[in-house]
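> After the structure tokens below, expect a handful of questions from me.
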Amino acid sequence: MNRINKKLQENKKLLSIYFTAGYPDINDTVSIIQDLEKNGVDMIEIGLPFSDPLADGPTIQDSSTQALKNGMTTELLFNQLKDIRKSVSIPLIIMGYFNPMFQYGVEAFCKKCQELGIDGLIIPDLPVDVYHNEYQAIFEKYGLINVFLITPQTSDERIRYIDSISNGFIYMVSSASTTGAQSGFGEEQTAYFERIAKMNLKNPQIIGFGISNNETFTQATQYAKGAIIGSAFVKHVTNKGVKNIDDFVNNMLS
């Protein structure tokens with residue numbers, strides 16, 4: 001069984017953390033992953049930096065720009081992760097845009113992910129229909145879960161279609177905006193969370209975008225299996241460096 005599916009079966013609310021590979025420094029990738037697991041994070045999204053990250057807000061865009069300046073590439077990320085499964089057991093997901101994967105070769109990319117022990121991919125700009133018609137068989141051949149995003153604007157019909165071709169979790173974007181931390185969720189977002197919860201989808205949902213502290217994490221996980229934190233964590237390593245990851249995770253969970 002894929003590590004993501006195993007993790008989703010655990011009787012707890014899940015904390016997933018996103019960070020940008022190669023940021024703040026080019027060689028921070030592995031130590032950040034190891035420290036996040038050591039401090040109780042359930043799942044990690046490794047951001048593959050791209051020059052035009054459409055779904056990301058300024059914090060993650062800036063970290064991507066810096067990571068690219070630092071010299072991060074797809075090949076270098078794969079090289080950094082070559083021994084990751086010797087020290088890390090939680091699910092690892094690569095989040096990135098389709099262009100670098102297409103340039104690398106979709107099948108070659110998926111094969112490499114399988115070799116390294118990557119469990120899934122999140123590709124915000126890969127249309128669901130294109131994935132279903134052209135790439136799903138390749139992802140399944142290499143045991144990879146493809147995680148789709150839904151937003152408050154996604155129709156019920158589309159959500160049910162996404163649910164039908166998914167085999168992990170659905171990434172529930174909290175609002176129709178780019179990534180970024182916020183202080184709390186309003187009535188509109190809460191109504192959206194409730195609407196999706198009532199749909200009784202076969203795949204659990206994990207909420208992302210706008211989760212920045214224990215309050216927003218607790219709010220989100222009332223309605224979903226877990227929550228994803230990205231911008232707030234990237235800000236933390238920008239301001240505090242990679243030595244204080246335990247503080248961030250502890251504050252998030254307590």
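Chain labels A, B, ... are given in the sequence in which chains occur in the structure tokens; within each chain residues are numbered consecutively from 1, and ligands are likewise numbered from 1 in the order shown.
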Excluding stretch 185-190 of chain A and its own-chain neighbours fewer than 5 positions away, which residues fall within 10 Å of it when counting only C-alpha atoms? Please give them as a short mmCIF file (atom, residue, chain, number, x, y, z; two decimals) with all heavy atoms, in the first residue's frame.

```cif
data_model
loop_
_atom_site.label_atom_id
_atom_site.label_comp_id
_atom_site.auth_asym_id
_atom_site.auth_seq_id
_atom_site.Cartn_x
_atom_site.Cartn_y
_atom_site.Cartn_z
N PRO A 152 -13.39 26.67 -3.96
CA PRO A 152 -14.81 26.97 -3.73
C PRO A 152 -15.60 27.11 -5.04
O PRO A 152 -16.81 26.98 -5.05
CB PRO A 152 -14.78 28.30 -2.97
CG PRO A 152 -13.45 28.32 -2.29
CD PRO A 152 -12.52 27.62 -3.23
N VAL A 173 -8.44 23.55 -1.68
CA VAL A 173 -7.94 24.91 -1.58
C VAL A 173 -8.98 25.75 -0.84
O VAL A 173 -10.15 25.76 -1.21
CB VAL A 173 -7.67 25.49 -2.99
CG1 VAL A 173 -7.23 26.95 -2.90
CG2 VAL A 173 -6.63 24.65 -3.72
N SER A 174 -8.55 26.43 0.22
CA SER A 174 -9.51 27.07 1.12
C SER A 174 -10.21 28.27 0.51
O SER A 174 -11.32 28.63 0.92
CB SER A 174 -8.81 27.50 2.42
OG SER A 174 -7.88 28.54 2.15
N SER A 175 -9.58 28.90 -0.48
CA SER A 175 -10.21 30.08 -1.10
C SER A 175 -9.69 30.21 -2.52
O SER A 175 -8.67 29.62 -2.88
CB SER A 175 -9.87 31.35 -0.31
OG SER A 175 -8.47 31.54 -0.28
N ALA A 176 -10.39 30.98 -3.32
CA ALA A 176 -10.01 31.14 -4.73
C ALA A 176 -8.92 32.19 -4.87
O ALA A 176 -9.11 33.27 -5.42
CB ALA A 176 -11.24 31.53 -5.54
N ARG A 195 -19.93 22.18 2.99
CA ARG A 195 -20.54 21.65 1.76
C ARG A 195 -19.78 20.43 1.25
O ARG A 195 -20.37 19.41 0.90
CB ARG A 195 -20.55 22.76 0.68
CG ARG A 195 -21.02 22.28 -0.69
CD ARG A 195 -21.24 23.44 -1.66
NE ARG A 195 -20.02 24.04 -2.15
CZ ARG A 195 -19.36 23.62 -3.24
NH1 ARG A 195 -19.78 22.58 -3.92
NH2 ARG A 195 -18.27 24.25 -3.63
N GLY A 210 -3.72 29.32 3.29
CA GLY A 210 -4.25 30.15 4.38
C GLY A 210 -4.14 29.55 5.77
O GLY A 210 -4.70 30.08 6.71
N ILE A 211 -3.42 28.45 5.91
CA ILE A 211 -3.26 27.83 7.24
C ILE A 211 -1.90 28.28 7.79
O ILE A 211 -0.87 28.01 7.19
CB ILE A 211 -3.33 26.30 7.13
CG1 ILE A 211 -4.53 25.95 6.30
CG2 ILE A 211 -3.27 25.65 8.51
CD1 ILE A 211 -5.50 25.02 6.63
N GLU A 215 -4.72 27.96 15.36
CA GLU A 215 -6.15 28.30 15.20
C GLU A 215 -6.67 27.86 13.83
O GLU A 215 -7.71 27.19 13.72
CB GLU A 215 -6.36 29.80 15.39
CG GLU A 215 -7.83 30.21 15.29
CD GLU A 215 -8.02 31.72 15.10
OE1 GLU A 215 -7.03 32.47 15.14
OE2 GLU A 215 -9.18 32.12 14.88
N THR A 216 -5.97 28.25 12.77
CA THR A 216 -6.44 27.90 11.43
C THR A 216 -6.29 26.40 11.17
O THR A 216 -7.11 25.80 10.47
CB THR A 216 -5.72 28.73 10.34
OG1 THR A 216 -4.33 28.82 10.64
CG2 THR A 216 -6.31 30.11 10.21
N GLN A 219 -9.27 24.84 12.96
CA GLN A 219 -10.50 25.15 12.21
C GLN A 219 -10.63 24.25 10.99
O GLN A 219 -11.67 23.65 10.73
CB GLN A 219 -10.48 26.61 11.74
CG GLN A 219 -11.11 27.60 12.70
CD GLN A 219 -11.15 28.98 12.04
OE1 GLN A 219 -10.12 29.58 11.80
NE2 GLN A 219 -12.34 29.46 11.73
N ALA A 220 -9.55 24.16 10.22
CA ALA A 220 -9.57 23.39 8.98
C ALA A 220 -9.83 21.91 9.24
O ALA A 220 -10.60 21.26 8.54
CB ALA A 220 -8.27 23.58 8.22
N GLN A 222 -11.42 20.49 11.55
CA GLN A 222 -12.79 20.15 11.99
C GLN A 222 -13.57 19.55 10.83
O GLN A 222 -14.49 18.77 11.03
CB GLN A 222 -13.53 21.42 12.44
CG GLN A 222 -13.26 21.85 13.86
CD GLN A 222 -14.09 23.08 14.18
OE1 GLN A 222 -13.74 24.20 13.83
NE2 GLN A 222 -15.23 22.88 14.82
N TYR A 223 -13.22 19.96 9.61
CA TYR A 223 -14.00 19.58 8.43
C TYR A 223 -13.26 18.62 7.50
O TYR A 223 -13.83 18.14 6.53
CB TYR A 223 -14.37 20.84 7.63
CG TYR A 223 -15.14 21.84 8.44
CD1 TYR A 223 -14.50 22.94 9.02
CD2 TYR A 223 -16.51 21.68 8.65
CE1 TYR A 223 -15.20 23.86 9.77
CE2 TYR A 223 -17.23 22.60 9.40
CZ TYR A 223 -16.57 23.69 9.97
OH TYR A 223 -17.27 24.60 10.73
#
```
> DSSP on the backbone, then: every residue of stretch 59-151 of chain A marked strand (DSSP E), written as JSON, numbers by chain.
{"A": [92, 93, 94, 95, 120, 121, 122, 145, 146, 147, 149, 150]}
> Which of these residues is nearest to A:Gly40, using only C-alpha atoms: A:Gln136, A:Thr238, A:Lys13, A:Gly230?
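Among A:Gln136, A:Thr238, A:Lys13, A:Gly230, it is A:Lys13 that comes nearest to A:Gly40.
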> Write down as JSON, numbers by chain the residues of stretch 10-135 of chain A whose backbone DSSP state falls under helix (DSSP H, G or I).
{"A": [29, 30, 31, 32, 33, 34, 35, 36, 37, 38, 58, 59, 60, 61, 62, 63, 64, 65, 66, 67, 68, 69, 70, 74, 75, 76, 77, 78, 79, 80, 84, 85, 86, 98, 99, 100, 101, 102, 103, 104, 106, 107, 108, 109, 110, 111, 112, 113, 114, 115, 116, 128, 129, 130, 131, 132, 133, 134, 135]}
> Check the smallest atom-to-atom distance from each of A:Lys243, A:Lys69, A:Arg158, A:His132 to A:Gly22 using only C-alpha atoms, then report the winner.
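Of A:Lys243, A:Lys69, A:Arg158, A:His132, the one nearest A:Gly22, counting only C-alpha atoms, is A:Lys69.
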> Between A:Asn244, A:Ser87, A:Thr74, A:Asn39, which is the closest to A:Pro100 once you count only C-alpha atoms?
A:Thr74
> When distances are computed from only C-alpha atoms, which of A:Glu75, A:Glu37, A:Asp83, A:Asp62 shows the smallest separation from A:Ile17?
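Looking at the shortest contact to A:Ile17, the residue is A:Glu37.
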> Considering only C-alpha atoms, return as a ChimeraX atom specification whatever protein or nucleic-acid residues lie within 8 Å of A:Met172, sequence-local ones (same chain, fewer than 2 positions apart) excluded.
/A:149-151,170,174,205-208
> Which residues are close to A:Gln9, i.e. within 12 Å by only C-alpha atoms, leaving aside same-chain residues fewer than 4 positions away? Reply as an NGL selection string.
:A and (1-5 or 13-14 or 42 or 168-169 or 203-204 or 225-226)
> Near A:Leu253, counting only C-alpha atoms, which residues have an atom at most 9 Å away, once you skip same-chain residues fewer than 5 positions from it, shown as a list in words?
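Within the cut-off, the hits are Leu15, Asn213, Asn214, Phe217, Thr218 and Phe248 of chain A.
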